[in-house]
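**Student:** Sharing data12.txt (compact mmCIF, C-alpha atoms) below.
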```txt
# COMPACT_ATOMS: atom_id res chain seq x y z
CA MET A 1 0.00 0.00 0.00
CA GLY A 2 1.08 3.56 -0.40
CA SER A 3 -0.14 7.06 0.09
CA PRO A 4 0.82 10.32 -1.58
CA ARG A 5 3.22 12.55 0.30
CA HIS A 6 4.39 16.06 -0.27
CA LEU A 7 8.13 16.13 -0.67
CA TRP A 8 8.58 17.90 2.64
CA THR A 9 8.08 16.63 6.15
CA GLY A 10 7.37 18.12 9.54
CA GLU A 11 4.85 20.91 9.18
CA TRP A 12 4.93 20.60 5.35
CA ARG A 13 8.42 22.05 5.31
CA ALA A 14 11.58 21.84 7.42
CA GLU A 15 12.52 18.46 6.14
CA SER A 16 15.63 19.04 4.11
CA ASP A 17 18.00 19.95 6.92
CA LYS A 18 16.54 17.54 9.44
CA ALA A 19 16.38 14.74 6.90
CA ARG A 20 20.09 15.04 6.24
CA ASP A 21 20.68 14.32 9.92
CA ASP A 22 17.98 11.79 10.70
CA GLY A 23 17.19 10.12 7.36
CA ALA A 24 14.12 10.48 5.23
CA SER A 25 12.27 7.40 6.35
CA SER A 26 11.76 8.59 9.92
CA LEU A 27 10.58 12.06 9.01
CA ARG A 28 7.71 11.81 6.61
CA ARG A 29 4.32 13.10 7.55
CA THR A 30 0.95 12.34 6.03
CA PRO A 31 -0.50 15.42 4.31
CA PRO A 32 -3.89 16.80 5.37
CA PRO A 33 -6.78 14.35 4.99
CA ARG A 34 -7.69 13.89 1.36
CA HIS A 35 -10.84 15.68 0.33
CA VAL A 36 -12.50 13.99 -2.56
CA GLU A 37 -13.60 16.98 -4.55
CA ASP A 38 -11.58 17.77 -7.65
CA PRO A 39 -10.16 21.17 -8.57
CA GLY A 40 -9.47 20.03 -12.11
CA ALA A 41 -6.40 22.22 -12.59
CA PRO A 42 -6.86 24.33 -15.70
CA SER A 43 -5.02 23.68 -18.93
CA PRO A 44 -4.76 26.20 -21.74
CA GLU A 45 -4.91 23.68 -24.56
CA PRO A 46 -7.62 21.10 -25.10
CA GLN A 47 -6.46 17.61 -24.30
CA GLN A 48 -7.57 14.22 -25.46
CA PRO A 49 -10.42 12.90 -23.30
CA ARG A 50 -9.07 10.81 -20.47
CA ARG A 51 -10.87 8.87 -17.82
CA ARG A 52 -10.33 10.83 -14.69
CA GLY A 53 -9.69 9.27 -11.35
CA THR A 54 -7.88 9.53 -8.10
CA ILE A 55 -4.62 7.67 -7.69
CA ALA A 56 -5.72 4.12 -8.38
CA LEU A 57 -3.33 2.41 -6.00
CA ALA A 58 -3.96 0.47 -2.85
CA VAL A 59 -3.13 3.90 -1.43
CA LEU A 60 -6.84 4.64 -1.31
CA VAL A 61 -7.44 1.99 1.33
CA ALA A 62 -5.64 4.21 3.81
CA LEU A 63 -7.36 7.36 2.64
CA VAL A 64 -10.86 6.97 1.27
CA ALA A 65 -12.39 3.67 0.27
CA VAL A 66 -15.87 2.98 -1.05
CA ALA A 67 -17.57 -0.21 -2.12
CA GLY A 68 -17.15 -0.52 -5.85
CA GLY A 69 -14.31 2.00 -6.10
CA ALA A 70 -12.64 5.03 -4.61
CA LEU A 71 -14.61 8.22 -4.17
CA ALA A 72 -13.89 10.33 -7.18
CA ALA A 73 -13.90 14.03 -7.22
CA THR A 74 -16.39 16.56 -8.35
CA MET A 75 -16.57 20.21 -8.25
CA LEU A 76 -14.04 22.75 -7.72
CA PHE A 77 -12.20 24.59 -10.39
CA GLY A 78 -12.33 27.00 -13.26
CA GLY A 79 -13.58 30.51 -13.49
CA ASP A 80 -10.75 32.20 -15.35
CA ASP A 81 -11.87 35.69 -16.29
CA SER A 82 -11.33 37.26 -19.66
CA ASN A 83 -8.91 39.82 -18.23
CA SER A 84 -6.45 37.17 -17.12
CA PRO A 85 -2.93 37.34 -18.57
CA ASP A 86 -2.14 35.02 -21.44
CA PRO A 87 -0.58 31.67 -20.54
CA LEU A 88 3.17 31.31 -20.77
CA PRO A 89 4.05 29.96 -24.22
CA ALA A 90 4.85 26.32 -24.81
CA VAL A 91 8.06 25.70 -26.71
CA ALA A 92 8.41 22.85 -29.17
CA SER A 93 10.77 20.28 -27.72
CA ARG A 94 13.33 18.31 -29.68
CA PRO A 95 15.57 15.72 -28.06
CA ILE A 96 18.92 17.07 -26.96
CA ARG A 97 21.83 15.56 -28.83
CA PRO A 98 24.52 14.51 -26.37
CA ARG A 99 28.16 15.12 -27.15
CA GLU A 100 30.40 12.15 -27.82
CA GLY A 101 30.73 10.12 -24.65
CA GLN A 102 27.85 11.96 -22.96
CA THR A 103 24.54 10.36 -22.05
CA ARG A 104 21.29 12.07 -22.98
CA ALA A 105 20.45 12.51 -19.31
CA GLY A 106 23.86 14.11 -18.85
CA ALA A 107 23.22 16.47 -21.73
CA ILE A 108 19.82 17.44 -20.30
CA TYR A 109 21.40 18.06 -16.92
CA ALA A 110 24.16 20.20 -18.38
CA ALA A 111 21.63 22.34 -20.22
CA ALA A 112 19.00 22.69 -17.48
CA SER A 113 20.70 22.47 -14.09
CA PRO A 114 22.16 26.01 -14.02
CA ALA A 115 18.59 27.37 -13.86
CA VAL A 116 17.63 25.16 -10.89
CA VAL A 117 17.82 26.84 -7.48
CA SER A 118 17.35 26.07 -3.83
CA VAL A 119 14.53 27.92 -2.11
CA ARG A 120 14.88 28.34 1.64
CA THR A 121 12.40 29.65 4.17
CA THR A 122 12.77 29.95 7.94
CA THR A 123 11.42 26.41 8.28
CA GLY A 124 12.99 24.42 5.46
CA GLN A 125 14.36 24.15 1.98
CA GLY A 126 13.06 23.03 -1.40
CA THR A 127 13.70 23.60 -5.08
CA GLY A 128 12.68 26.09 -7.76
CA PHE A 129 13.69 26.95 -11.30
CA LEU A 130 14.10 30.10 -13.34
CA VAL A 131 11.39 30.49 -16.00
CA GLU A 132 12.00 34.04 -17.19
CA ASP A 133 15.25 35.92 -17.67
CA ASP A 134 13.92 38.81 -15.59
CA GLY A 135 14.21 36.73 -12.41
CA MET A 136 10.91 34.89 -12.13
CA ILE A 137 11.18 31.51 -10.38
CA VAL A 138 8.55 28.77 -10.09
CA THR A 139 8.32 26.50 -7.08
CA ASN A 140 5.64 24.74 -5.01
CA ALA A 141 3.15 26.56 -2.81
CA HIS A 142 3.97 24.18 0.02
CA VAL A 143 7.66 25.13 -0.31
CA VAL A 144 7.06 28.83 0.39
CA GLY A 145 4.21 28.18 2.83
CA GLU A 146 3.11 31.44 4.42
CA SER A 147 6.41 33.19 3.74
CA SER A 148 6.48 36.46 1.81
CA HIS A 149 10.28 36.38 1.46
CA VAL A 150 12.63 33.47 0.79
CA VAL A 151 16.35 32.92 0.18
CA VAL A 152 17.36 31.66 -3.25
CA LYS A 153 20.73 30.16 -4.19
CA PHE A 154 22.13 29.04 -7.56
CA GLY A 155 24.28 26.13 -6.38
CA THR A 156 25.89 25.50 -3.01
CA ASP A 157 28.61 28.07 -3.68
CA GLY A 158 26.19 30.70 -4.98
CA ALA A 159 25.34 33.85 -3.11
CA SER A 160 22.23 34.00 -0.95
CA ILE A 161 19.67 36.07 -2.87
CA ASP A 162 16.58 37.68 -1.38
CA GLY A 163 13.43 36.54 -3.14
CA ASP A 164 9.92 38.00 -2.94
CA VAL A 165 6.95 35.62 -3.10
CA LEU A 166 4.69 37.27 -5.69
CA GLY A 167 1.90 34.75 -5.39
CA SER A 168 0.99 31.30 -4.17
CA ASP A 169 -1.86 29.02 -5.21
CA PRO A 170 -2.31 26.07 -2.84
CA SER A 171 -5.05 24.66 -5.09
CA THR A 172 -2.43 23.82 -7.72
CA ASP A 173 0.57 23.78 -5.33
CA LEU A 174 2.33 26.45 -7.39
CA ALA A 175 4.10 29.62 -6.29
CA VAL A 176 6.13 32.36 -7.97
CA VAL A 177 9.23 33.98 -6.49
CA SER A 178 10.97 37.03 -7.93
CA ILE A 179 14.65 37.94 -7.63
CA GLU A 180 16.55 40.88 -9.11
CA ARG A 181 17.69 40.25 -12.66
CA SER A 182 21.19 41.44 -11.73
CA ARG A 183 21.54 38.57 -9.22
CA ILE A 184 21.18 35.86 -11.87
CA PRO A 185 24.62 34.36 -12.54
CA ASN A 186 26.13 35.04 -15.95
CA GLY A 187 25.20 32.54 -18.61
CA VAL A 188 22.17 31.09 -16.79
CA LYS A 189 19.20 30.74 -19.12
CA ALA A 190 15.61 30.29 -18.04
CA LEU A 191 13.94 26.93 -18.58
CA ARG A 192 11.03 26.74 -21.01
CA PHE A 193 7.75 24.90 -20.68
CA ALA A 194 6.69 22.11 -23.01
CA ASP A 195 3.07 21.37 -23.88
CA SER A 196 2.16 18.68 -21.37
CA SER A 197 -0.79 17.52 -23.49
CA ASN A 198 1.83 16.00 -25.81
CA VAL A 199 3.43 13.93 -23.05
CA ALA A 200 2.97 10.16 -23.38
CA VAL A 201 3.54 7.25 -21.05
CA GLY A 202 7.01 5.89 -21.67
CA ASP A 203 8.56 9.26 -22.51
CA MET A 204 11.91 10.02 -20.92
CA ALA A 205 11.79 12.12 -17.74
CA VAL A 206 14.63 13.75 -15.79
CA ALA A 207 14.11 15.37 -12.39
CA ILE A 208 16.54 17.92 -10.96
CA GLY A 209 16.27 19.12 -7.37
CA ASN A 210 17.79 19.35 -3.93
CA PRO A 211 16.78 16.18 -2.07
CA PHE A 212 17.93 16.34 1.55
CA GLY A 213 19.84 19.49 0.67
CA LEU A 214 22.00 17.73 -1.94
CA ASP A 215 22.40 20.46 -4.53
CA ARG A 216 21.08 19.90 -8.07
CA THR A 217 20.70 16.16 -7.91
CA ALA A 218 19.56 14.54 -11.17
CA THR A 219 17.51 11.38 -11.49
CA GLU A 220 16.25 9.71 -14.65
CA GLY A 221 13.16 7.69 -15.44
CA ILE A 222 10.08 7.73 -17.62
CA VAL A 223 6.59 9.15 -17.57
CA SER A 224 4.80 6.22 -15.98
CA GLY A 225 1.26 7.54 -15.85
CA LEU A 226 -1.00 10.42 -16.89
CA GLY A 227 -4.23 11.91 -15.64
CA ARG A 228 -3.52 11.20 -11.97
CA SER A 229 -5.00 13.19 -9.09
CA ILE A 230 -3.20 14.29 -5.94
CA THR A 231 -4.27 16.21 -2.85
CA SER A 232 -3.25 19.86 -2.81
CA PRO A 233 -1.97 21.68 0.28
CA ASN A 234 -5.44 23.10 0.94
CA GLY A 235 -7.10 19.69 0.77
CA PHE A 236 -8.66 19.87 -2.68
CA GLU A 237 -7.39 17.86 -5.61
CA ILE A 238 -5.08 18.63 -8.50
CA ASP A 239 -5.89 16.64 -11.61
CA GLU A 240 -4.17 15.76 -14.89
CA VAL A 241 -1.01 15.17 -12.84
CA ILE A 242 2.00 13.43 -14.40
CA GLN A 243 3.32 10.30 -12.72
CA THR A 244 7.01 9.41 -13.01
CA ASP A 245 9.38 6.75 -11.74
CA ALA A 246 12.33 9.18 -11.79
CA PRO A 247 13.33 9.04 -8.10
CA ILE A 248 12.36 12.19 -6.23
CA ASN A 249 12.61 12.69 -2.49
CA PRO A 250 12.08 15.32 0.22
CA GLY A 251 13.67 18.54 -1.00
CA ASN A 252 12.81 17.90 -4.67
CA SER A 253 9.58 19.84 -4.18
CA GLY A 254 9.24 22.63 -6.70
CA GLY A 255 11.92 21.32 -9.05
CA PRO A 256 11.45 20.67 -12.76
CA LEU A 257 10.52 17.40 -14.43
CA LEU A 258 12.12 17.59 -17.86
CA ASP A 259 11.59 15.85 -21.18
CA SER A 260 14.26 14.62 -23.59
CA GLY A 261 14.62 18.14 -24.94
CA GLY A 262 15.26 19.68 -21.53
CA ARG A 263 11.83 21.35 -21.49
CA VAL A 264 9.72 21.43 -18.33
CA ILE A 265 6.76 19.04 -18.47
CA GLY A 266 5.90 19.29 -14.77
CA VAL A 267 6.70 20.72 -11.36
CA ASN A 268 7.61 17.95 -8.91
CA SER A 269 5.25 17.98 -5.94
CA GLN A 270 4.59 14.63 -4.24
CA ILE A 271 5.53 10.98 -3.99
CA ALA A 272 3.66 7.88 -2.95
CA THR A 273 5.12 5.92 -0.06
CA SER A 274 4.46 2.47 1.30
CA GLY A 275 1.95 2.11 4.09
CA MET A 276 3.88 -0.84 5.50
CA GLY A 277 6.70 0.99 7.24
CA ALA A 278 8.86 2.02 4.28
CA GLN A 279 8.71 5.78 3.90
CA GLY A 280 11.24 6.45 1.15
CA ASN A 281 10.80 6.72 -2.59
CA ILE A 282 9.14 3.68 -4.15
CA GLY A 283 9.28 4.87 -7.74
CA ILE A 284 5.98 6.72 -7.83
CA GLY A 285 6.27 10.49 -8.01
CA PHE A 286 3.86 13.18 -9.15
CA ALA A 287 4.39 16.48 -10.95
CA VAL A 288 1.90 19.29 -11.55
CA PRO A 289 1.65 19.44 -15.37
CA SER A 290 3.34 22.24 -17.26
CA ASN A 291 0.08 23.34 -18.90
CA THR A 292 -1.33 24.07 -15.45
CA ALA A 293 1.80 26.05 -14.55
CA ARG A 294 1.69 27.92 -17.85
CA GLN A 295 -1.77 29.23 -17.07
CA ILE A 296 -1.42 29.82 -13.32
CA VAL A 297 2.07 31.34 -13.16
CA PRO A 298 1.30 34.58 -15.08
CA ARG A 299 -1.58 35.26 -12.71
CA LEU A 300 0.55 34.65 -9.64
CA GLU A 301 3.24 36.90 -11.10
CA LYS A 302 0.64 39.70 -11.20
CA GLY A 303 -0.45 38.94 -7.63
CA GLU A 304 -3.91 37.85 -8.73
CA ALA A 305 -6.22 35.78 -6.63
CA ILE A 306 -7.61 32.84 -8.59
CA PRO A 307 -11.30 32.33 -7.79
CA ARG A 308 -12.66 28.91 -8.67
CA PRO A 309 -16.29 27.82 -8.85
CA TYR A 310 -17.53 25.55 -6.12
CA LEU A 311 -20.54 23.28 -5.91
CA GLY A 312 -19.87 21.58 -2.61
CA VAL A 313 -20.55 17.89 -3.21
CA THR A 314 -18.63 14.65 -3.08
CA THR A 315 -19.54 11.97 -5.60
CA SER A 316 -18.66 8.39 -6.41
CA PRO A 317 -19.12 6.21 -9.51
CA ALA A 318 -22.63 5.01 -10.22
CA SER A 319 -23.61 1.42 -9.54
CA LEU A 320 -23.31 -1.56 -11.90
CA THR A 321 -27.06 -1.47 -12.43
CA ASN A 322 -26.92 2.26 -13.25
CA PRO A 323 -23.46 2.75 -14.76
CA ASP A 324 -23.88 6.30 -16.04
CA GLY A 325 -23.76 9.29 -13.75
CA ALA A 326 -22.14 10.21 -10.45
CA VAL A 327 -23.74 9.38 -7.11
CA VAL A 328 -23.82 12.16 -4.53
CA GLN A 329 -22.10 10.86 -1.40
CA ASP A 330 -22.03 14.05 0.63
CA VAL A 331 -23.34 17.61 0.40
CA VAL A 332 -21.57 20.47 2.19
CA PRO A 333 -24.13 22.07 4.52
CA GLY A 334 -25.04 25.54 3.33
CA GLY A 335 -23.07 25.15 0.10
CA PRO A 336 -24.37 25.76 -3.42
CA ALA A 337 -25.46 22.14 -3.92
CA ASP A 338 -27.24 22.11 -0.57
CA ARG A 339 -29.07 25.35 -1.39
CA ALA A 340 -30.06 23.89 -4.77
CA GLY A 341 -31.64 20.89 -3.08
CA LEU A 342 -29.16 18.14 -3.98
CA ARG A 343 -29.26 15.20 -1.59
CA ARG A 344 -27.13 12.22 -0.71
CA GLY A 345 -28.00 9.38 -3.09
CA ASP A 346 -28.95 11.61 -6.03
CA VAL A 347 -27.37 10.52 -9.32
CA VAL A 348 -26.04 13.44 -11.36
CA LYS A 349 -26.76 12.77 -15.04
CA ARG A 350 -26.07 16.06 -16.81
CA ILE A 351 -24.77 19.54 -16.08
CA ASP A 352 -26.13 22.20 -18.43
CA GLY A 353 -26.88 19.44 -20.92
CA ARG A 354 -23.38 17.97 -20.73
CA SER A 355 -23.44 14.24 -20.03
CA VAL A 356 -22.01 12.98 -16.73
CA GLN A 357 -20.73 9.42 -16.94
CA GLU A 358 -18.33 9.47 -13.99
CA PRO A 359 -17.46 11.76 -11.07
CA GLY A 360 -14.76 13.60 -13.01
CA ASP A 361 -17.41 14.79 -15.47
CA VAL A 362 -19.05 16.79 -12.70
CA ALA A 363 -15.90 18.88 -12.27
CA ALA A 364 -15.59 19.17 -16.04
CA GLY A 365 -19.18 20.39 -16.20
CA ILE A 366 -18.30 23.58 -14.30
CA SER A 367 -14.68 23.93 -15.39
CA ASP A 368 -15.42 26.86 -17.69
CA ARG A 369 -17.78 28.58 -15.26
CA ALA A 370 -17.15 31.32 -12.71
CA PRO A 371 -18.41 31.86 -9.17
CA GLY A 372 -21.91 33.31 -9.38
CA ASP A 373 -22.85 31.43 -12.56
CA GLU A 374 -26.00 29.34 -12.51
CA VAL A 375 -25.94 25.76 -13.77
CA ALA A 376 -28.76 23.30 -14.47
CA ILE A 377 -28.14 19.89 -12.92
CA ASP A 378 -30.18 16.93 -14.16
CA ILE A 379 -30.42 14.24 -11.51
CA GLU A 380 -32.15 10.95 -10.90
CA ARG A 381 -33.78 10.55 -7.50
CA GLY A 382 -35.73 7.45 -6.56
CA GLY A 383 -36.06 6.41 -10.21
CA ARG A 384 -37.42 9.79 -11.25
CA GLU A 385 -35.49 12.38 -13.24
CA MET A 386 -35.61 16.04 -12.27
CA THR A 387 -33.63 19.24 -12.74
CA VAL A 388 -32.26 21.54 -10.03
CA ARG A 389 -30.49 24.84 -10.55
CA ALA A 390 -27.44 25.80 -8.52
CA THR A 391 -25.61 29.11 -8.26
CA LEU A 392 -21.91 28.33 -8.02
CA GLY A 393 -19.99 29.69 -5.08
CA THR A 394 -16.31 30.46 -4.63
CA ARG A 395 -14.09 27.66 -3.48
CA PRO A 396 -13.09 28.13 0.17
CA ALA A 397 -9.45 28.47 1.20
CA ARG A 398 -9.52 24.90 2.52
CA THR A 399 -11.81 21.92 2.19
CA PRO A 400 -14.82 22.17 4.51
```
Would you mind giving the structure from this file in structure tokens?
**Tutor:**
Amino acid sequence: MGSPRHLWTGEWRAESDKARDDGASSLRRTPPPRHVEDPGAPSPEPQQPRRRGTIALAVLVALVAVAGGALAATMLFGGDDSNSPDPLPAVASRPIRPREGQTRAGAIYAAASPAVVSVRTTTGQGTGFLVEDDGMIVTNAHVVGESSHVVVKFGTDGASIDGDVLGSDPSTDLAVVSIERSRIPNGVKALRFADSSNVAVGDMAVAIGNPFGLDRTATEGIVSGLGRSITSPNGFEIDEVIQTDAPINPGNSGGPLLDSGGRVIGVNSQIATSGMGAQGNIGIGFAVPSNTARQIVPRLEKGEAIPRPYLGVTTSPASLTNPDGAVVQDVVPGGPADRAGLRRGDVVKRIDGRSVQEPGDVAAGISDRAPGDEVAIDIERGGREMTVRATLGTRPARTP
């Protein structure tokens, strides 16, 4: 069995220094209880339809288990307004050609590692990477925590650089740090994002980070899964997550997951660990996809809050006798679904005419809506179909 873990320990952070002294296995902490609603992290390009689902490991036995399958998520994301900044561009990625005697992973490391930094707060240390030549750095929200200022270093011998946290989005576990352009070492070039909708299982993946404070450590593997879901720092879910077997450990949080062309396909965030005593890396890591970062980062850079629509229900797959739809398992008291009259046991069939065949389709049904929008929800209750109308709220800071 395993369960997802953020790549920090203690109170989400403070693991890198302590882990060096005590060892990773004794330090890991279970993240906040998994809430089974789904934020459906936004992606700027349409992707091929993919059956959504939470991490389909035995991990769910320790977290949330339901007869017939794990609770799948429903309702929590979207609502980008038309005044939002454009997403960061995706750059076409071609495999790096290694020099004679050099491995491809070595060539990727040589090209990308200068832009990878350590990010230190008063409580711990993680990883980040330069994404714009003006000094913008991407890392994880759980790396910066509540800090407004951090210390950034390019390599162990680099100077300590003051960094300002411009924005943090726990719902996608992304944060943006800014340093002065003049403090970037000569010759360091920002990393570029790839289009994560083009990533395929089996593709090469290289992670660079600072596990246990070991500067710019590289590990190699493949993309071992797509469309995963992980729990965000505020208890909601991040979807369309990339799974990799490239070993990542505490301290890798916020570092880049790179393709064969040295382009960023994801931001390393969590690992799964065994529930049978072993707490180290077991070859299952998770990265927030680059297309999510490409859309969220420009908004964080501008200091924008990112409101997301919220319905306030938890759903599970429908039964074998009624395979289509999503069964309402719980309704948040006083939430939009509760005010609309949804009840436990209702089967959601359509949202604004859009078919719901599984719980992930409920989140997809409001993904392009904003708080305050009204949606029509077709349900089946006691063998009878009916329609209720719900006015979407704004997702709370944490799961109810």
**Student:** Taking all atoms listed in the file into account, name the residue in A:Thr139, A:Asn234, A:Ser171, A:Ser93 that is nearest to Gly266 (chain A).
**Tutor:**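 With all atoms listed in the file as the atom set, the closest residue is A:Thr139.
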**Student:** Show which residues sit within 8 Å of Ile306 (chain A), as a list in words. Count only C-alpha atoms, and ignore same-chain residues fewer than 2 positions away.
**Tutor:**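 My reading of the contact set: Asp80, Asp169, Arg299, Glu304 and Arg308 of chain A.
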**Student:** Can you measure CA of Glu301 (chain A) to CA of Val138 (chain A) for me? One decimal in Å is fine.
**Tutor:**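 Those two atoms sit 9.8 Å apart.
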**Student:** Just the number, please: distance in Å from CA of Pro371 (chain A) to CA of Ser290 (chain A), one decimal.
**Tutor:**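 According to the coordinates, CA of Pro371 (chain A) and CA of Ser290 (chain A) are separated by 25.1 Å.
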**Student:** Enter the distance from CA of Ile282 (chain A) to CA of Gly155 (chain A), in Å, rounded to one decimal.
**Tutor:** 27.2 Å
**Student:** With region 217-221 of chain A as the partner and 9 Å as the cut-off, tabulate the residues of region 100-151 of chain A that qualify, each row holding the nearest pair of atoms and their distance in Å to one decimal, using all atoms listed in the file, sorted by chain and rising number, as a tab-separated table.
**Tutor:**
```
residue	atom	partner	partner_atom	distance
A:Ala105	CA	A:Glu220	CA	6.9
A:Gly106	CA	A:Ala218	CA	8.8
A:Tyr109	CA	A:Ala218	CA	7.0
A:Ser113	CA	A:Ala218	CA	8.5
```
**Student:** I need the chosen residues saved as an mmCIF file, in the coordinates of the input, with C-alpha atoms.
**Tutor:**
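Dumped everything to part27.cif:
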```
data_model
loop_
_atom_site.group_PDB
_atom_site.id
_atom_site.type_symbol
_atom_site.label_atom_id
_atom_site.label_comp_id
_atom_site.auth_asym_id
_atom_site.auth_seq_id
_atom_site.Cartn_x
_atom_site.Cartn_y
_atom_site.Cartn_z
ATOM 1 C CA ALA A 105 20.450 12.510 -19.310
ATOM 2 C CA GLY A 106 23.860 14.110 -18.850
ATOM 3 C CA TYR A 109 21.400 18.060 -16.920
ATOM 4 C CA SER A 113 20.700 22.470 -14.090
#
```
**Student:** In the coordinate frame of the file, compute which residues have an atom within 12 Å of (-20.1, 26.5, -9.9) when using only C-alpha atoms, and state them as number ranges by chain.
**Tutor:** A: 39, 74-79, 307-313, 335-337, 340, 351-352, 362-377, 389-395
**Student:** Val152 (chain A): which residues within 8 Å, counting only C-alpha atoms, same-chain residues fewer than 3 positions away excluded, as a ChimeraX atom specification?
**Tutor:** /A:117-120,160-163
**Student:** For Arg94 (chain A), which residue among A:Ile137, A:Ala194, A:Leu130, A:Leu174 is the nearest when counting only C-alpha atoms?
**Tutor:**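 So, comparing all the options, the nearest one is A:Ala194.
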**Student:** For region 85-89 of chain A, please output as number ranges by chain all residues within 8 Å (counting all atoms listed in the file; exclusion window: fewer than 2 positions along the same chain).
**Tutor:** A: 44, 83, 91, 193, 294-299
**Student:** Find the residue from A:Arg354, A:Lys189, A:Lys302, A:Lys349 that sits nearest to Thr387 (chain A); use all atoms listed in the file when measuring.
**Tutor:**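 Of all the options, A:Lys349 lies closest to Thr387 (chain A).
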**Student:** Kindly indicate which residue among A:Thr127, A:Asn281, A:Ser147, A:Ser260 lies nearest to Asp215 (chain A), using only C-alpha atoms for the distances.
**Tutor:**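 With only C-alpha atoms as the atom set, the closest residue is A:Thr127.
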**Student:** Pick out the residues sitting within 6 Å of Met136 (chain A), and hand them over as a list of chain:residue names; count all atoms listed in the file, and ignore anything fewer than 2 positions along from it in its own chain.
**Tutor:**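 Skipping anything fewer than 2 positions along the chain leaves A:Leu130, A:Val131, A:Glu132, A:Val177, A:Ser178.
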**Student:** Please dump the current selection as a compact mmCIF listing (two decimals), in the frame of the given file; keep C-alpha atoms.
**Tutor:**
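Dumped everything to result20.txt:
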```
# COMPACT_ATOMS: atom_id res chain seq x y z
CA LEU A 130 14.10 30.10 -13.34
CA VAL A 131 11.39 30.49 -16.00
CA GLU A 132 12.00 34.04 -17.19
CA VAL A 177 9.23 33.98 -6.49
CA SER A 178 10.97 37.03 -7.93
```
**Student:** Which is closer to Arg99 (chain A) than all the others in A:Ala111, A:Val206, A:Ala318, A:Pro400, using all atoms listed in the file?
**Tutor:**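 Using all atoms listed in the file, Arg99 (chain A) sits closest to A:Ala111.
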**Student:** Considering all atoms listed in the file, state which residue in the set A:Pro233, A:Pro95, A:Pro256, A:Gly167 is at the smallest distance from Gly128 (chain A).
**Tutor:**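 Among A:Pro233, A:Pro95, A:Pro256, A:Gly167, it is A:Pro256 that comes nearest to Gly128 (chain A).
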